[in-house]
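J.: Sharing a structure, written as structure tokens. Questions coming.
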Amino acid sequence: MENSDGSLILQVAIDTPLRRTFDYLAPVPAAATPAGSPRARPGVRVRVPFGRTTKIGIVVAVTDRSTMPRAKLKHAGEIIDCEPLFDPVGFELLRWAADYYHHPIGEVLAAALPAALRDGRSLEEPRLLWEPTPLGLAEATTPSDRRAPTQRALLAHLCVIGPRTTAELGVEFDPAILRAVATRGWIRERPQPALPADVPPGVAPVLRSSSIELTDAQRLAVDRIVESGKRFAVHLLHGVTGSGKTEVYLRAIAGLIGDHGQALVLVPEISLTPQLVERFRQRFDSAPAILHSGLAAGERLDAWRRARSGEARIVIGTRSAVLVPLPRLALIIVDEEHDASYKQHEGFRYSARDLAVVRARRADVAIVLGSATPSLESLENAIQGRYRKLMLPERPGAARAARMRLVDLRRHAVDHGFSQPAIAAIATHLAAGAQVIVFQNRRGYAPTLFCAACGWVATCAHCDARLTLHRHPAGLRCHHCGAQRPPANRCEACGRDLHPVGQGTERIEETLGRLFPGQSIARLDRDTVTTRGAIDALLERVRSGDARILVGTQMLTKGHDFPEIGLVVILDADQGLFATDYRAAERLAQTIIQVAGRAGRATRPGEVLIQTEFPDHPLLRLLIDAGYEAFAAQALAERREARWPPYARLALLRADAKDPVRLDAFLCAASRLAQATAVERSRGVSVLGPANALIARRADRHRAHLLIEAGDRSSLQRFLGDWLPRVESLSAPHGLRWSLDVDPLEVD
């Protein structure tokens with residue numbers, strides 16, 4: 001496209017917080033440009049001068065006009081790629097997302113790339129494949145002496161399936177095993193040229209036969225999804241916990257991707273990925289590409305390349321996988337669609353679930369949103385006919401929903417968080433050979449260190465928050481800013497003894513060890529899964545039956561399948577009953593249903609005990625007596641009355657600064673501009689605030705926000721388009737930071 005005189009102009013997106021692109025003259029052509037050399041076109045990377053440095057940007061458009069005088073434009077440098085990095089639908093999705101979330105296009109495009117490509121690494125670099133050496137082939141045919149069985153299993157795996165990358169082998173084998181086998185000289189790496197985009201498709205993945213018989217509801221769901229064919233449709237798969245949603249996913253994928261297509265499967269947490277990947281590995285004859293933040297940079301790049309080329313027919317990933325190029329997309333699945341983890345809370349604040357729906361519409365393919373506790377937004381879309389609701393009302397086979405009952409803490413003595421009925425139920429189920437889950441959504445030993453003599457409480461010096469006491473390793477930690485200090489035994493104010501108040505998962509684990517000596521206990525929270533492979537090892541202890549009692553936080557609600565769980569005890573169901581966040585009731589109901597769903601998933605009958613000091617609370621009574629759908633219907637009615645989403649659209653302007661006076665002055669100025677903008681151009685938009693955040697000071701920075709409310713999406717978008725340029729023109733004090741969150745999940 002470049003003319004010899006360099007007259008064309010490139011609009012380049014650069015990874016900066018500026019909400020604009022930058023114009024450059026096309027690169028000066030070399031004296032002799034060979035055929036097939038990189039050329040400037042949308043979607044390719046280019047090196048450009050930027051201030052006193054050189055940056056890597058992405059060409060967004062090629063034009064012959066610029067708002068800048070041509071004499072002031074610099075020439076772009078090297079064009080890095082021979083072809084665009086993104087498929088056309090994916091590229092337009094990213095541009096749409098930048099507009100919808102009002103976020104700098106350069107940061108949006110950068111978020112969609114692996115770090116290696118953001119740094120300028122060549123897309124055409126050869127991939128490194130592991131293959132058996134002659135020594136390894138000889139070893140594989142030698143009778144085993146039973147030493148190093150895992151290393152020999154990896155060698156045998158490569159001998160059977162052929163050369164594979166580190167990322168592909170990492171689905172089943174730990175990197176340490178791979179290094180050990182290489183050290184023995186049994187395997188070696190060899191380069192293979194990276195596949196270009198849109199390579200001829202390989203053999204379609206085959207769904208292996210299974211002894212699983214679909215229920216009538218599962219069969220109907222699969223048929224409806226497959227019948228929608230290669231056209232846009234949103235299917236809300238509302239299945240009770242343990243109803244077999246994953247089996248529906250597997251068969252829908254097999255029915256829709258055919259010989260050429262790709263399927264994208266999104267999961268909310270890394271902890272879910274290994275379990276789901278293993279299920280896909282068992283049922284399909286080709287390994288999926290895996291994308292999540294726990295991968296090494298090289299592994300992530302390789303999986304991204306496989307997805308982009310179409311070589312990976314099934315891609316499983318967490319939130320950011322929705323941004324990955326998929327040239328042959330045929331189906332999108334969003335598992336646990338209600339989960340808050342799909343919302344990015346820093347930087348580019350997108351919702352992966354919502355972007356997945358937009359991507360499906362633009363690619364004209366089907367999308368399945370699955371959950372036992374669908375979000376109220378998705379349920380309202382189903383009521384309005386925008387989504388097609390598919391129900392899985394029962395568990396297959398002999399499995400039945402667990403029996404739920406409330407334990408009134410006003411009537412029963414409590415021993416370090418456990419009521420007598422809960423202790424008795426745990427003992428009964430353990431004696432019957434069942435496993436038990438104890439749910440407490442607080443990590444650490446105790447959330448408060450308190451002096452009974454004078455009322456002193458250990459607080460964070462940098463936040464408006466209390467310090468949490470931890471025992472392993474010992475210390476006081478702030479769960480908001482990460483500050484730590486040694487544990488204290490004496491009150492800083494009066495010198496008396498300090499007492500831990502409340503129960504975290506560490507203290508619950510300690511209490512269970514005292515109450516049930518000899519029983520193996522596993523704890524699942526952010527403190528116990530800090531290393532790679534820790535989640536897999538812990539979950540394997542539960543699945544194998546080695547751990548009889550599992551203590552955990554919110555991570556327990558993420559769809560894990562433990563067939564021998566007979567009892568779930570929810571220690572403190574009251575945390576969300578009186579919260580100020582308008583979503584608190586919805587989240588509490590989802591948490592209760594999700595964690596309760598871990599019980600009774602096989603033939604063993606399940607029981608759920610919910611400890612509460614408010615057994616007559618309407619939310620709890622409705623949820624226990626009538627179920628999640630009845631709760632959701634009432635919650636939607638309350639939202640409609642209060643004009644909260646999904647019956648309104650919100651945006652939140654957050655700001656923080658070290659000086660609270662200047663922070664308030666900035667937000668007051670932004671509020672005045674918002675009021676003026678609403679009067680002039682965007683009637684029907686309300687501006688609320690400024691108001692302090694729930695934790696007004698965090699990491700020595702004061703935090704506050706403005707809330708923007710509109711009756712519909714288009715009104716909100718028009719308002720933001722008019723208002724944000726005015727906010728950017730404000731003279732913000734040094735060190736103040738602000739950001740916009742469209743469709744926020746938390747108004748804090």
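Note on naming: chains are A, B, ... as they come in the structure tokens, residues start from 1 per chain, ligands start from 1 in the order shown.
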Could you pull the residues within 8 Å of range 458-473 of chain A, counting only C-alpha atoms, minus those fewer than 5 positions along the same chain, as a list in words?
T.: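 Neighbouring residues, sequence-local ones excluded: Gly444, Tyr445, Ala446, Pro447, Thr448, Leu449, Phe450, Cys478, His479, His480, Cys481, Ala483, Pro487, Pro500, Glu506, Ile695, Ala696, Arg697, Arg698, Ala699 and Asp700 of chain A.
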J.: As a VMD selection string, please: every residue in range 4-219 of chain A that DSSP puts in alpha helix (DSSP H).
T.: chain A and resid 88 to 100 105 to 111 115 to 118 134 to 140 149 to 161 166 to 170 175 to 183 216 to 219
J.: Interatomic distance between CA of Val747 in chain A and CA of Ala704 in chain A?
T.: 10.5 Å
J.: When you draw a straight line from CA of Val59 in chain A to CA of Arg41 in chain A, how long is it in Å?
T.: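 Interatomic distance here is 6.4 Å.
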J.: Which one of A:Leu329, A:Met555, A:Leu301, A:Ile105 sits closest to Phe232 in chain A if you count only C-alpha atoms?
T.: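 Once distances to Phe232 in chain A are computed over only C-alpha atoms, the minimum belongs to A:Leu329.
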J.: Taking 2 positions as the minimum chain separation for residues in the same chain, which residues sit within 10 Å of Met68 in chain A when counting only C-alpha atoms? Answer as a list in words.
T.: Phe22, Asp23, Tyr24, Arg65, Ser66, Arg70, Ala71, Lys72 and Leu73 of chain A
J.: Those selected residues, please, written with C-alpha atoms and delivered as a tab-separated table (two decimals), in the first residue's frame.
T.:
chain	number	residue	atom	x	y	z
A	22	PHE	CA	-0.64	8.59	16.53
A	23	ASP	CA	0.00	9.48	12.89
A	24	TYR	CA	3.23	8.51	11.13
A	65	ARG	CA	-5.01	12.41	5.66
A	66	SER	CA	-3.88	13.63	9.06
A	70	ARG	CA	2.63	16.57	7.08
A	71	ALA	CA	5.92	18.38	7.77
A	72	LYS	CA	5.59	17.55	11.48
A	73	LEU	CA	5.00	13.84	10.96
J.: Could you list, as number ranges by chain, every residue within 8 Å of Pro205 in chain A, counting only C-alpha atoms and ignoring same-chain residues fewer than 4 positions away?
T.: A: 254, 284-286, 313
J.: Print the selection's residues with N, CA and C atoms to a file, as a short mmCIF file (atom, residue, chain, number, x, y, z; two decimals), in the first residue's frame.
T.:
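What landed in out-v2.cif:
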data_model
loop_
_atom_site.label_atom_id
_atom_site.label_comp_id
_atom_site.auth_asym_id
_atom_site.auth_seq_id
_atom_site.Cartn_x
_atom_site.Cartn_y
_atom_site.Cartn_z
N ALA A 254 -18.40 -30.93 19.72
CA ALA A 254 -18.25 -31.96 18.69
C ALA A 254 -19.24 -31.76 17.56
N PHE A 284 -11.57 -35.89 23.99
CA PHE A 284 -11.16 -35.56 22.62
C PHE A 284 -9.79 -36.16 22.36
N ASP A 285 -9.53 -36.46 21.09
CA ASP A 285 -8.26 -37.11 20.75
C ASP A 285 -7.16 -36.12 20.42
N SER A 286 -7.38 -34.83 20.63
CA SER A 286 -6.32 -33.83 20.44
C SER A 286 -6.34 -32.87 21.62
N ARG A 313 -7.77 -26.54 17.81
CA ARG A 313 -9.18 -26.55 17.47
C ARG A 313 -10.06 -26.20 18.67
#
J.: Please, what distance in Å, to one decimal, runs between CA of Arg95 in chain A and CA of Ala40 in chain A?
T.: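 Taking CA of Arg95 in chain A as the start and CA of Ala40 in chain A as the end point, the length is 18.0 Å.
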J.: Using only C-alpha atoms, which of the listed residues (A:Ile426, A:Leu667, A:Ile212, A:Ala356) sits closest to Glu337 in chain A?
T.: A:Ala356
J.: Identify, on the basis of only C-alpha atoms, every residue whose closest approach to Val727 in chain A does not exceed 12 Å; exclude the query and any residue fewer than 5 positions from it along the same chain; express the result as number ranges by chain.
T.: A: 653, 655, 666-674, 676-677, 720-722, 732, 738-740
J.: Please list as a PyMOL selection string every residue within 7 Å of Tyr647 in chain A, counting only C-alpha atoms and excluding residues in the same chain fewer than 4 positions away.
T.: chain A and resi 640+643+711
